[in-house]
Amino acid sequence: MREHFLLRTLKMFADEALDPVTVASVWRKAQQGAQQSRGCQTPAVLSDHAGVQTRFTASSSTQTEPQEQNLQEGGLGGPDPPGLVDFLKRVEDTVTKELEKNSRSHAFDGYHANWEEGSDHVSLLHSLQHPGAEESGLHVSAVSWSCTGSVIVCAYGRTDDGDWTHQKSCVCLWNLDRRSLRPKQADLVLEVPAAVTSVCCHPERPALIAGGLYNGEVVVWDTSRTQDPVLAQTGMSADSHREPVYQVVWVPLQKKGDFGVLSSSSGGEVLLWLVDPDQGRLVLNAAYAFVRQQLPHSSSLKSRGSSRVGVSALALSPWDADSFLVGSEGGLLLRCSFSCGPPAAVAPEGRSVAPRAPARFCFRPAGGPVHSLHCSPFHRNLFISAGTDGEVRLGSLLQADPLLAVRVSDSYVFQAQWSPSRPLVFAAATGQGEVQIFDLARKSLRPAATIRDGAADRTATCLAFNGADRRLLAAGRSDGTVGVWRLSSDLTEQRAEESLRLEQIANQVAE
Amino acid sequence: MADVDETLKRIESHKGVIGTILVNGDGIPVRTTLDNSTTSQYARLLRSFTALASSAVRDVDPQNDLTFVRIRSKKHEIMVAPENNNLLIVIQNPCE
C-alpha cells in the first residue's frame with residue numbers, strides 16, 4: 001500500500017525548469033559619481049652632447065717665507081737716515097765721559113743689593129720618610145727634583161749589597177708646594193719589582209720619570225696616568241742590560257724637544273733608548289761599549305782583570321751636545337763622544353744595534369770606583385768627580401791631571417754636584433752621614449757649610465739641588481729619610497767676581 | 001756711514017765695554033755688536049724704560065728733561081743716551 005502511495009506522490013511532483021531572473025543593482029549606479037577621463041603627456045626632453053678638453057696647463061704655488069728680523073729692514077750697513085749721524089755726534093761726548101768715569105768709579109765697591117730677605121743659616125724644611133721602605137730596611141738610592149721644582153722623587157734600594165735581590169722596592173713622590181704635605185706619607189708611591197738604583201726627572205715634562213733598576217731594566221713612568229703609571233720599559237729583552245743599571249739620564253736628541261734615556265751599567269755598556277709610548281717599550285737607538293783594549297791609553301793604566309769596564313757614573317755636558325763623561329768601577333775617567341767612534345770589540349750578544357767604542361780621552365784615574373761626575377753649568381771645561389777615596393776632584397776637560405783635589409771626608413763620597421746658582425760652590429754627600437758644601441771663593445779649603453742630620457753612622461747616599469728654587473737641597477740617607485734643606489743666601493746668591501774666579505781656576509795648569 | 005762706524009768704534013774701545021747698540025727713531029736697532037736676540041731684547045726693553053724715566057722727570061718739572069740713564073746691575077752697567085726716540089745703548093763691565 002505504501003509503495004503505491006509513494007509512486008502516486010512522485011508523479012504529482014515533476015521537475016520543472018525555470019529561467020533565472022536577474023535583478024539589476026540600483027544602489028551601485030546611485031553611488032557612482034560622474035566620471036571623466038583625461039590624458040596628458042610631457043613633450044620629448046631635448047638633450048645634447050658636447051666635449052671639453054684642456055689643451056695646456058700651468059701650475060704655480062705659494063709659500064710664506066720666515067719673517068726676517070727687523071735688523072735686516074733697518075739697513076744694517078746701508079744708508080743711514082741723516083738724523084742719526086748728528087745724534088751720534090751730539091751724544092758721543094756725554095757717553096765717553098760717563099764711560100771713563102765709570103771705569104774709575106769706586107762708588108759701588110762692596111755694595112750688594114738684596115732683593116729678598118736672605119737667611120743666614122741652613123735650615124731643615126722637611127724630613128720625608130716612607131714607612132714601607134723603612135720597614136724593609138731600604139736606603140734612599142737616588143733623589144731627583146722635577147723640572148718645575150715642586151715635586152721630589154725618591155728612589156729606594158740598597159747601596160751596600162752586592163747580591164741579586166728579589167726585594168720589591170718603590171719610588172715615592174712628594175709635592176712640597178702642597179699645603180697638605182705629610183712627611184710620613186708620600187703623595188704617590190710607584191711599586192717596583194726590584195731595587196731602584198737611579199732616577200732622573202724629565203727636563204721639560206714634569207710627569208715623566210726615568211728609573212734604572214738593579215736587575216738591569218730601565219723604566220719610564222708617567223705620573224699623569226692614573227691607571228698604570230709605567231709608560232715604557234725595556235723588559236728582559238736581548239737589548240737590555242744584564243748587569244745592574246748604575247745611572248739613567250735624559251739626553252736631548254737631534255730634534256729639538258725630543259729626549260732619549262741614556263743608561264749605564266756595570267756590564268760596561270751605555271745604551272741610548274727612545275720612548276715608544278704606543279707599544280710601551282723603550283727602543284734601543286744606540287749602544288756604546290767600553291772595552292779595555294779600545295781605551296785611549298795613558299801611561300798609568302794597568303791592564304789587569306776583565307776586559308769589560310763597568311760604568312759607574314755618567315755625566316752629560318750642558319755645553320757640548322756630543323760629549324759625555326764616564327767614570328768606571330776601576331777609577332777610570334773617560335771623555336766620550338756620541339757620534340763618532342769605531343765599532344766596539346765585543347761579541348754582538350744579540351743586540352739590535354751594533355755597539356761603538358766612544359772613548360776619546362782618558363784622564364788620570366782615581367784611586368777607587370768613581371761614584372759621581374758632574375759638569376759645571378757655568379764653565380764649559382770644568383767638572384767634578386767623586387769616588388771612594390774621599391776626595392772631590394775638580395778637573396778640566398782639556399787636561400789629564402785634575403786641577404784641584406779637595407779632601408771631603410775620611411770615608412766614601414757618594415755624590416758630588418755643582419750648585420746651580422753659584423759657580424764656585426759644590427756639595428758632596430759623604431759616607432759619614434754629612435753633606436759638605438764647599439765654596440771655592442774662600443781661601444781655605446774647609447767646608448763652607450756642613451749638613452748633619454742625626455746619627456753619624458748613617459751614610460748620606462745622594463743629593464740633588466733644586467733647579468727651579470735655587471735655595472733648596474735634598475739629601476737622602478741610608479736610614480730611608482730624605483731631608484729637604486734651605487741653604488743660606490751666601491751659598492746661593494752669585495757674587496760679582498765669581499765667573500772671573502772660575503775662569504782663573506780653569507786656566508790653571510796643574511804642576 | 002763712515003762717521004757712524006768710526007764713532008761707534010771709538011766708544012767700543014773704552015775699557016770694559018761689552019757691547020753697543022744704536023737704535024733709530026722707530027725702535028729698530030741699526031748698529032749692534034751683540035747677537036740678534038739680545039739686541040732686540042735690549043732695544044725693546046730699554047726703549048720703554050727710557051720713555052718711562054723721561055716722563056717721570058718731565059712730570060715733576062716740565063722745564064726739565066732726561067739726558068742720560070745708567071742702570072747698574074750685579075754683573076755690569078747699562079748706559080742709555082736718549083734723544084728724539086733715538087737711543088745709544090752701551091753696556092760696560094766696570095772691572096774693579
# chains A, B, ... in the order shown; residues from 1 in each chain; ligands from 1

$ residues_around --residues "stretch 415-424 of chain A" --least-positions-apart "2" --cutoff "6 Å" --atoms "only C-alpha atoms" --output "number ranges by chain"
A: 372, 374, 378, 413, 426-429, 439-440, 462, 492, 494

$ write_last_selection --atoms "N, CA, C and O atoms" --output "PDB file, in the first residue's frame"
ATOM      1  N   SER A 372     130.450  59.480  41.189  1.00  0.00           N
ATOM      2  CA  SER A 372     129.632  60.582  40.700  1.00  0.00           C
ATOM      3  C   SER A 372     130.483  61.529  39.873  1.00  0.00           C
ATOM      4  O   SER A 372     131.646  61.771  40.174  1.00  0.00           O
ATOM      5  N   HIS A 374     129.981  65.360  37.567  1.00  0.00           N
ATOM      6  CA  HIS A 374     129.044  66.425  37.206  1.00  0.00           C
ATOM      7  C   HIS A 374     129.789  67.537  36.495  1.00  0.00           C
ATOM      8  O   HIS A 374     130.834  67.979  36.968  1.00  0.00           O
ATOM      9  N   PHE A 378     128.498  76.453  34.657  1.00  0.00           N
ATOM     10  CA  PHE A 378     128.960  77.807  34.418  1.00  0.00           C
ATOM     11  C   PHE A 378     130.233  77.883  33.594  1.00  0.00           C
ATOM     12  O   PHE A 378     130.609  78.955  33.171  1.00  0.00           O
ATOM     13  N   VAL A 413     132.788  59.129  49.235  1.00  0.00           N
ATOM     14  CA  VAL A 413     131.932  60.228  48.815  1.00  0.00           C
ATOM     15  C   VAL A 413     130.973  59.638  47.798  1.00  0.00           C
ATOM     16  O   VAL A 413     131.404  59.092  46.787  1.00  0.00           O
ATOM     17  N   PHE A 426     130.064  73.759  45.363  1.00  0.00           N
ATOM     18  CA  PHE A 426     129.574  72.421  45.082  1.00  0.00           C
ATOM     19  C   PHE A 426     129.310  71.703  46.401  1.00  0.00           C
ATOM     20  O   PHE A 426     129.820  72.083  47.446  1.00  0.00           O
ATOM     21  N   ALA A 427     128.480  70.683  46.332  1.00  0.00           N
ATOM     22  CA  ALA A 427     128.111  69.931  47.531  1.00  0.00           C
ATOM     23  C   ALA A 427     128.477  68.473  47.337  1.00  0.00           C
ATOM     24  O   ALA A 427     128.450  67.955  46.225  1.00  0.00           O
ATOM     25  N   ALA A 428     128.850  67.811  48.454  1.00  0.00           N
ATOM     26  CA  ALA A 428     129.242  66.407  48.370  1.00  0.00           C
ATOM     27  C   ALA A 428     128.564  65.629  49.493  1.00  0.00           C
ATOM     28  O   ALA A 428     128.513  66.098  50.628  1.00  0.00           O
ATOM     29  N   ALA A 429     128.056  64.441  49.158  1.00  0.00           N
ATOM     30  CA  ALA A 429     127.402  63.587  50.152  1.00  0.00           C
ATOM     31  C   ALA A 429     128.392  62.508  50.576  1.00  0.00           C
ATOM     32  O   ALA A 429     128.926  61.782  49.732  1.00  0.00           O
ATOM     33  N   ASP A 439     132.975  76.112  49.100  1.00  0.00           N
ATOM     34  CA  ASP A 439     132.939  77.362  48.346  1.00  0.00           C
ATOM     35  C   ASP A 439     134.367  77.670  47.922  1.00  0.00           C
ATOM     36  O   ASP A 439     135.223  77.929  48.764  1.00  0.00           O
ATOM     37  N   LEU A 440     134.623  77.630  46.629  1.00  0.00           N
ATOM     38  CA  LEU A 440     135.987  77.832  46.163  1.00  0.00           C
ATOM     39  C   LEU A 440     136.433  79.276  46.253  1.00  0.00           C
ATOM     40  O   LEU A 440     137.602  79.576  46.046  1.00  0.00           O
ATOM     41  N   CYS A 462     122.837  60.305  48.605  1.00  0.00           N
ATOM     42  CA  CYS A 462     122.595  61.036  47.361  1.00  0.00           C
ATOM     43  C   CYS A 462     122.145  62.442  47.707  1.00  0.00           C
ATOM     44  O   CYS A 462     121.662  62.686  48.799  1.00  0.00           O
ATOM     45  N   THR A 492     123.849  80.760  47.979  1.00  0.00           N
ATOM     46  CA  THR A 492     123.060  80.659  46.767  1.00  0.00           C
ATOM     47  C   THR A 492     123.100  81.890  45.887  1.00  0.00           C
ATOM     48  O   THR A 492     122.739  81.807  44.727  1.00  0.00           O
ATOM     49  N   GLN A 494     124.795  84.636  43.645  1.00  0.00           N
ATOM     50  CA  GLN A 494     126.031  84.803  42.901  1.00  0.00           C
ATOM     51  C   GLN A 494     126.620  86.165  43.198  1.00  0.00           C
ATOM     52  O   GLN A 494     125.924  87.165  43.251  1.00  0.00           O
TER      53      GLN A 494
END

$ interface_residues --of "chain B" --to "chain A" --cutoff "10 Å" --atoms "only C-alpha atoms" --output "PyMOL selection string"
chain B and resi 1-5+7-8+10-12+14-17+22-32+36-37+39-40+67-68+70+72-77+79-84+86-96

$ residues_around --residues "stretch 143-145 of chain A" --least-positions-apart "2" --cutoff "8 Å" --atoms "only C-alpha atoms" --output "PyMOL selection string"
chain A and resi 140-141+147-155+198-201+462-467+474-476

$ select_by_dssp --residues "stretch 146-353 of chain A" --states "strand (DSSP E)" --output "JSON, numbers by chain"
{"A": [151, 152, 153, 154, 155, 156, 157, 169, 170, 171, 172, 173, 174, 175, 188, 189, 190, 191, 192, 196, 197, 198, 199, 200, 201, 208, 209, 210, 211, 212, 213, 218, 219, 220, 221, 222, 230, 231, 232, 233, 245, 246, 247, 248, 249, 250, 251, 252, 259, 260, 261, 262, 263, 264, 265, 269, 270, 271, 272, 273, 274, 275, 276, 281, 282, 283, 284, 285, 286, 287, 288, 289, 311, 312, 313, 314, 315, 316, 323, 324, 325, 326, 327, 328, 333, 334, 335, 336, 337]}

$ residues_around --residues "A:Leu138" --least-positions-apart "3" --cutoff "9 Å" --atoms "only C-alpha atoms" --output "list of chain:residue names"
A:Gly132, A:Ala133, A:Glu134, A:Glu135, A:Ser141, A:Tyr156, A:Gly157, A:Arg158, A:Thr159, A:Ser169, A:Ala195, A:Ser478, A:Asp479, A:Gly480

$ write_last_selection --atoms "N, CA, C and O atoms" --output "mmCIF file, in the first residue's frame"
data_model
loop_
_atom_site.group_PDB
_atom_site.id
_atom_site.type_symbol
_atom_site.label_atom_id
_atom_site.label_comp_id
_atom_site.auth_asym_id
_atom_site.auth_seq_id
_atom_site.Cartn_x
_atom_site.Cartn_y
_atom_site.Cartn_z
ATOM 1 N N GLY A 132 106.934 52.182 54.632
ATOM 2 C CA GLY A 132 107.082 50.868 53.989
ATOM 3 C C GLY A 132 108.530 50.564 53.664
ATOM 4 O O GLY A 132 109.017 49.450 53.832
ATOM 5 N N ALA A 133 109.231 51.590 53.206
ATOM 6 C CA ALA A 133 110.634 51.374 52.841
ATOM 7 C C ALA A 133 111.491 51.204 54.078
ATOM 8 O O ALA A 133 112.440 50.434 54.100
ATOM 9 N N GLU A 134 111.132 51.931 55.117
ATOM 10 C CA GLU A 134 111.937 51.824 56.334
ATOM 11 C C GLU A 134 111.827 50.445 56.946
ATOM 12 O O GLU A 134 112.798 49.911 57.476
ATOM 13 N N GLU A 135 110.620 49.887 56.883
ATOM 14 C CA GLU A 135 110.437 48.541 57.445
ATOM 15 C C GLU A 135 111.279 47.525 56.703
ATOM 16 O O GLU A 135 111.813 46.594 57.290
ATOM 17 N N SER A 141 118.301 55.514 47.410
ATOM 18 C CA SER A 141 119.434 55.366 46.484
ATOM 19 C C SER A 141 119.566 56.532 45.526
ATOM 20 O O SER A 141 120.633 56.754 44.986
ATOM 21 N N TYR A 156 114.120 54.080 46.264
ATOM 22 C CA TYR A 156 114.625 53.256 47.349
ATOM 23 C C TYR A 156 115.292 52.016 46.816
ATOM 24 O O TYR A 156 114.838 51.405 45.860
ATOM 25 N N GLY A 157 116.358 51.644 47.460
ATOM 26 C CA GLY A 157 117.067 50.435 47.050
ATOM 27 C C GLY A 157 118.130 50.201 48.094
ATOM 28 O O GLY A 157 118.092 50.784 49.163
ATOM 29 N N ARG A 158 119.094 49.380 47.778
ATOM 30 C CA ARG A 158 120.169 49.189 48.742
ATOM 31 C C ARG A 158 121.463 49.636 48.118
ATOM 32 O O ARG A 158 121.724 49.366 46.960
ATOM 33 N N THR A 159 122.283 50.301 48.862
ATOM 34 C CA THR A 159 123.553 50.762 48.297
ATOM 35 C C THR A 159 124.720 49.942 48.781
ATOM 36 O O THR A 159 125.838 50.172 48.388
ATOM 37 N N SER A 169 110.801 47.161 45.806
ATOM 38 C CA SER A 169 111.007 48.471 46.414
ATOM 39 C C SER A 169 110.054 49.447 45.749
ATOM 40 O O SER A 169 109.129 49.044 45.059
ATOM 41 N N ALA A 195 115.070 46.530 43.213
ATOM 42 C CA ALA A 195 115.628 47.734 43.843
ATOM 43 C C ALA A 195 115.961 48.761 42.769
ATOM 44 O O ALA A 195 116.474 48.425 41.709
ATOM 45 N N SER A 478 120.918 56.615 54.324
ATOM 46 C CA SER A 478 120.741 55.175 54.301
ATOM 47 C C SER A 478 119.686 54.718 55.286
ATOM 48 O O SER A 478 119.317 53.555 55.289
ATOM 49 N N ASP A 479 119.177 55.574 56.157
ATOM 50 C CA ASP A 479 118.088 55.119 57.032
ATOM 51 C C ASP A 479 116.735 55.362 56.379
ATOM 52 O O ASP A 479 115.711 55.239 57.026
ATOM 53 N N GLY A 480 116.719 55.722 55.105
ATOM 54 C CA GLY A 480 115.461 55.852 54.386
ATOM 55 C C GLY A 480 114.805 57.210 54.505
ATOM 56 O O GLY A 480 113.682 57.385 54.061
#

$ atom_distance --atom1 "atom CA of A:Leu373" --atom2 "atom CA of A:Gly331"
11.8 Å

$ residues_around --residues "A:Leu231" --least-positions-apart "5" --cutoff "12 Å" --atoms "only C-alpha atoms" --output "list in words"
Ala207, Leu208, Ile209, Ala210, Gly211, Val218, Val219, Val220, Trp221, Asp222, Thr223, Ser224, Arg225, Thr226, Leu274, Val275, Asp276, Pro277, Asp278, Gln279, Gly280, Arg281 and Leu282 of chain A

$ closest_residue --among "A:Asp120, A:Asp453, A:Glu3, A:Glu243" --to "A:Val482" --atoms "only C-alpha atoms"
A:Asp453

$ atom_distance --atom1 "atom CA of A:Thr461" --atom2 "atom CA of A:Gly212"
16.2 Å

$ closest_residue --among "B:Leu66, B:Asn85, B:Ile78, B:Ser13" --to "B:Arg47" --atoms "only C-alpha atoms"
B:Asn85

$ residues_around --residues "A:Leu284" --least-positions-apart "2" --cutoff "12 Å" --atoms "only C-alpha atoms" --output "PyMOL selection string"
chain A and resi 218+233-235+237-241+260-263+270-276+281-282+286-288+351-355

$ write_last_selection --atoms "N, CA and C atoms" --output "PDB file, in the first residue's frame"
ATOM      1  N   VAL A 218     115.345  49.340  32.503  1.00  0.00           N
ATOM      2  CA  VAL A 218     115.165  50.796  32.559  1.00  0.00           C
ATOM      3  C   VAL A 218     113.671  51.033  32.363  1.00  0.00           C
ATOM      4  N   GLN A 233     109.077  50.369  29.214  1.00  0.00           N
ATOM      5  CA  GLN A 233     110.188  49.721  29.913  1.00  0.00           C
ATOM      6  C   GLN A 233     110.959  48.864  28.934  1.00  0.00           C
ATOM      7  N   THR A 234     112.175  48.537  29.316  1.00  0.00           N
ATOM      8  CA  THR A 234     112.989  47.761  28.389  1.00  0.00           C
ATOM      9  C   THR A 234     112.597  46.296  28.436  1.00  0.00           C
ATOM     10  N   GLY A 235     112.129  45.850  29.558  1.00  0.00           N
ATOM     11  CA  GLY A 235     111.821  44.425  29.669  1.00  0.00           C
ATOM     12  C   GLY A 235     113.096  43.611  29.639  1.00  0.00           C
ATOM     13  N   SER A 237     114.743  41.937  27.414  1.00  0.00           N
ATOM     14  CA  SER A 237     114.968  41.552  26.024  1.00  0.00           C
ATOM     15  C   SER A 237     116.460  41.412  25.780  1.00  0.00           C
ATOM     16  N   ALA A 238     116.797  41.053  24.579  1.00  0.00           N
ATOM     17  CA  ALA A 238     118.214  40.885  24.259  1.00  0.00           C
ATOM     18  C   ALA A 238     118.938  42.209  24.269  1.00  0.00           C
ATOM     19  N   ASP A 239     118.165  43.306  24.140  1.00  0.00           N
ATOM     20  CA  ASP A 239     118.808  44.617  24.061  1.00  0.00           C
ATOM     21  C   ASP A 239     119.156  45.176  25.413  1.00  0.00           C
ATOM     22  N   SER A 240     118.509  44.683  26.478  1.00  0.00           N
ATOM     23  CA  SER A 240     118.652  45.406  27.740  1.00  0.00           C
ATOM     24  C   SER A 240     119.934  45.019  28.443  1.00  0.00           C
ATOM     25  N   HIS A 241     120.198  45.735  29.517  1.00  0.00           N
ATOM     26  CA  HIS A 241     121.402  45.467  30.291  1.00  0.00           C
ATOM     27  C   HIS A 241     121.264  44.138  30.995  1.00  0.00           C
ATOM     28  N   GLY A 260     115.906  61.349  24.854  1.00  0.00           N
ATOM     29  CA  GLY A 260     116.065  59.901  24.967  1.00  0.00           C
ATOM     30  C   GLY A 260     116.621  59.608  26.346  1.00  0.00           C
ATOM     31  N   VAL A 261     116.649  58.335  26.710  1.00  0.00           N
ATOM     32  CA  VAL A 261     117.165  57.948  28.018  1.00  0.00           C
ATOM     33  C   VAL A 261     118.491  57.249  27.824  1.00  0.00           C
ATOM     34  N   LEU A 262     119.499  57.722  28.530  1.00  0.00           N
ATOM     35  CA  LEU A 262     120.828  57.114  28.448  1.00  0.00           C
ATOM     36  C   LEU A 262     121.033  56.343  29.738  1.00  0.00           C
ATOM     37  N   SER A 263     121.401  55.076  29.646  1.00  0.00           N
ATOM     38  CA  SER A 263     121.573  54.293  30.866  1.00  0.00           C
ATOM     39  C   SER A 263     122.931  53.627  30.846  1.00  0.00           C
ATOM     40  N   VAL A 270     126.827  51.544  27.746  1.00  0.00           N
ATOM     41  CA  VAL A 270     125.978  52.713  27.901  1.00  0.00           C
ATOM     42  C   VAL A 270     125.015  52.659  26.722  1.00  0.00           C
ATOM     43  N   LEU A 271     123.708  52.633  27.021  1.00  0.00           N
ATOM     44  CA  LEU A 271     122.727  52.455  25.947  1.00  0.00           C
ATOM     45  C   LEU A 271     121.822  53.670  25.866  1.00  0.00           C
ATOM     46  N   LEU A 272     121.450  54.040  24.657  1.00  0.00           N
ATOM     47  CA  LEU A 272     120.553  55.165  24.440  1.00  0.00           C
ATOM     48  C   LEU A 272     119.217  54.618  23.971  1.00  0.00           C
ATOM     49  N   TRP A 273     118.163  54.920  24.712  1.00  0.00           N
ATOM     50  CA  TRP A 273     116.836  54.391  24.425  1.00  0.00           C
ATOM     51  C   TRP A 273     115.903  55.497  23.972  1.00  0.00           C
ATOM     52  N   LEU A 274     114.966  55.144  23.072  1.00  0.00           N
ATOM     53  CA  LEU A 274     113.913  56.071  22.694  1.00  0.00           C
ATOM     54  C   LEU A 274     112.599  55.559  23.254  1.00  0.00           C
ATOM     55  N   VAL A 275     111.746  56.485  23.696  1.00  0.00           N
ATOM     56  CA  VAL A 275     110.488  56.062  24.303  1.00  0.00           C
ATOM     57  C   VAL A 275     109.446  55.835  23.220  1.00  0.00           C
ATOM     58  N   ASP A 276     108.847  54.656  23.226  1.00  0.00           N
ATOM     59  CA  ASP A 276     107.769  54.356  22.281  1.00  0.00           C
ATOM     60  C   ASP A 276     106.504  54.167  23.110  1.00  0.00           C
ATOM     61  N   ARG A 281     107.253  50.335  25.104  1.00  0.00           N
ATOM     62  CA  ARG A 281     108.613  49.799  25.160  1.00  0.00           C
ATOM     63  C   ARG A 281     109.622  50.909  24.982  1.00  0.00           C
ATOM     64  N   LEU A 282     110.827  50.627  25.455  1.00  0.00           N
ATOM     65  CA  LEU A 282     111.941  51.521  25.173  1.00  0.00           C
ATOM     66  C   LEU A 282     112.726  50.860  24.047  1.00  0.00           C
ATOM     67  N   ALA A 286     121.042  53.512  20.278  1.00  0.00           N
ATOM     68  CA  ALA A 286     122.492  53.461  20.068  1.00  0.00           C
ATOM     69  C   ALA A 286     123.117  52.744  21.257  1.00  0.00           C
ATOM     70  N   ALA A 287     124.205  52.065  21.028  1.00  0.00           N
ATOM     71  CA  ALA A 287     124.874  51.339  22.104  1.00  0.00           C
ATOM     72  C   ALA A 287     126.346  51.696  22.102  1.00  0.00           C
ATOM     73  N   TYR A 288     126.885  51.859  23.292  1.00  0.00           N
ATOM     74  CA  TYR A 288     128.307  52.174  23.426  1.00  0.00           C
ATOM     75  C   TYR A 288     128.897  51.202  24.413  1.00  0.00           C
ATOM     76  N   ARG A 351     122.283  42.007  20.225  1.00  0.00           N
ATOM     77  CA  ARG A 351     121.724  43.348  20.310  1.00  0.00           C
ATOM     78  C   ARG A 351     121.276  43.770  18.924  1.00  0.00           C
ATOM     79  N   SER A 352     120.275  44.597  18.892  1.00  0.00           N
ATOM     80  CA  SER A 352     119.788  45.026  17.578  1.00  0.00           C
ATOM     81  C   SER A 352     120.669  46.116  16.988  1.00  0.00           C
ATOM     82  N   VAL A 353     121.407  46.820  17.822  1.00  0.00           N
ATOM     83  CA  VAL A 353     122.260  47.896  17.321  1.00  0.00           C
ATOM     84  C   VAL A 353     123.697  47.542  17.664  1.00  0.00           C
ATOM     85  N   ALA A 354     124.584  47.663  16.719  1.00  0.00           N
ATOM     86  CA  ALA A 354     125.981  47.295  16.989  1.00  0.00           C
ATOM     87  C   ALA A 354     126.624  48.342  17.884  1.00  0.00           C
ATOM     88  N   PRO A 355     127.300  47.925  18.938  1.00  0.00           N
ATOM     89  CA  PRO A 355     127.870  48.913  19.853  1.00  0.00           C
ATOM     90  C   PRO A 355     129.129  49.556  19.284  1.00  0.00           C
TER      91      PRO A 355
END

$ residues_around --residues "stretch 308-323 of chain A" --least-positions-apart "6" --cutoff "6 Å" --atoms "only C-alpha atoms" --output "number ranges by chain"
A: 246, 264-268, 290-291, 329, 336-338, 371-375, 380

$ atom_distance --atom1 "atom CA of A:Pro203" --atom2 "atom CA of A:Ser146"
7.5 Å
